[in-house]
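Engineer: Below is the structure I would like to discuss, written out as structure tokens.
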Amino acid sequence: MRIPCPYCGERDAHEFAYLGDATLTRPDPAAAEAEQAFHDYVYLRDNPAGAHEEWWYHANGCRQWLRVARDTRTHAIAAATAARVSGEPA
């Protein structure tokens with residue numbers, strides 16, 4: 001799989017470290033159900049088949065975080081944007 005880094009160009013996936021789902025939102029620690037919400041946030045994750053947004057870190061390149069839109073069935077990458085543009089990793 002090749003990831004199109006906005007800074008370095010297209011690179012092999014082995015240059016990157018995978019963080020996880022880029023669509024999750026960290027729960028509010030002050031919420032009434034914060035303990036259960038954090039449990040679900042940390043331990044209960046979906047394993048989608050199809051289009052998905054993920055955080056990737058270009059460890060062996062520019063050392064920047066990327067938000068990658070990828071199809072988990074085919075590994076086809078639709079887009080890769082800098083995290084500074086799309087929001088920092090959670």
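Letters A, B, ... go to the chains of the structure tokens in the order shown; residues in each chain start at 1; ligands are counted from 1 in the same order.
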Any idea what's packed within 9 Å of A:Arg11, counting only C-alpha atoms, ignoring anything in its chain fewer than 4 positions away? Could you give it as a compact mmCIF listing (two decimals) with N, CA and C atoms, in the first residue's frame?
Structural biologist:
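The result, stored in part.txt:
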# COMPACT_ATOMS: atom_id res chain seq x y z
N MET A 1 0.85 -1.17 0.00
CA MET A 1 0.00 0.00 0.00
C MET A 1 0.90 1.24 0.00
N ARG A 2 0.51 2.23 -0.77
CA ARG A 2 1.26 3.47 -0.87
C ARG A 2 0.39 4.62 -0.39
N ILE A 3 0.96 5.46 0.45
CA ILE A 3 0.23 6.58 1.05
C ILE A 3 0.76 7.88 0.45
N PRO A 4 -0.15 8.73 -0.08
CA PRO A 4 0.29 10.00 -0.67
C PRO A 4 0.49 11.07 0.41
N CYS A 5 1.70 11.21 0.90
CA CYS A 5 2.01 12.22 1.91
C CYS A 5 1.96 13.60 1.26
N GLU A 15 6.76 3.19 5.87
CA GLU A 15 7.34 4.41 6.42
C GLU A 15 6.45 5.05 7.48
N PHE A 16 5.21 4.56 7.61
CA PHE A 16 4.22 5.17 8.48
C PHE A 16 3.87 4.30 9.68
N GLY A 61 9.81 9.72 7.56
CA GLY A 61 9.77 10.76 6.53
C GLY A 61 9.72 12.12 7.19
Engineer: With DSSP run on the backbone, what are the strand (DSSP E or B) residues within chain A? I'd like them as JSON, numbers by chain.
Structural biologist: {"A": [2, 3, 4, 5, 9, 10, 11, 12, 17, 18, 19, 20, 21, 51, 52, 53, 54, 55, 56, 57, 65, 66, 67, 68, 69, 70, 71, 77, 78, 79, 80, 81, 82]}
Engineer: Which residue gives the smallest distance to A:Ala78 among A:Glu35, A:Asp46, A:Asp21, A:Glu54, with only C-alpha atoms counted?
Structural biologist: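 Smallest separation from A:Ala78 among the options: A:Glu54.
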Engineer: Just checking: using only C-alpha atoms, which residue out of A:Ala37, A:His14, A:Tyr7, A:Arg26 ends up closest to A:Asn60?
Structural biologist: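 Using only C-alpha atoms, the shortest distance to A:Asn60 belongs to A:His14.
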Engineer: Identify, on the basis of only C-alpha atoms, every residue whose closest approach to A:Val68 does not exceed 7 Å; exclude the query and any residue fewer than 2 positions from it along the same chain; express the result as a VMD selection string.
Structural biologist: chain A and resid 53 to 56 66 70 79 to 81
Engineer: Could you please take those selected residues and save C-alpha atoms as a tab-separated table (two decimals), in the first residue's frame?
Structural biologist:
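part.tsv, freshly written:
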chain	number	residue	atom	x	y	z
A	53	GLU	CA	-10.73	7.75	8.03
A	54	GLU	CA	-7.56	6.96	9.95
A	55	TRP	CA	-4.59	8.70	11.60
A	56	TRP	CA	-1.16	7.83	10.20
A	66	LEU	CA	-1.89	12.60	8.31
A	70	ARG	CA	-8.94	4.54	2.99
A	79	ALA	CA	-7.23	11.17	0.16
A	80	ALA	CA	-4.51	12.08	2.63
A	81	THR	CA	-4.44	15.48	4.32
Engineer: If we count only C-alpha atoms and set the cut-off at 8 Å, which residues sit around A:Ala49, ignoring sequence neighbours fewer than 4 positions away in its own chain? Please answer as a list in words.
Structural biologist: Asp71, Thr72 and Arg73 of chain A
Engineer: May I ask for the distance between atom CA of A:Arg84 and atom CA of A:Pro6, given in Å to one decimal place?
Structural biologist: 11.5 Å
Engineer: DSSP says alpha helix (DSSP H) for which residues of chain A? Put them as a PyMOL selection string?
Structural biologist: chain A and resi 34-43+83-86
Engineer: Distance atom CA of A:His58-atom CA of A:Phe38, one decimal place?
Structural biologist: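 Here the two named atoms are 27.7 Å from each other.
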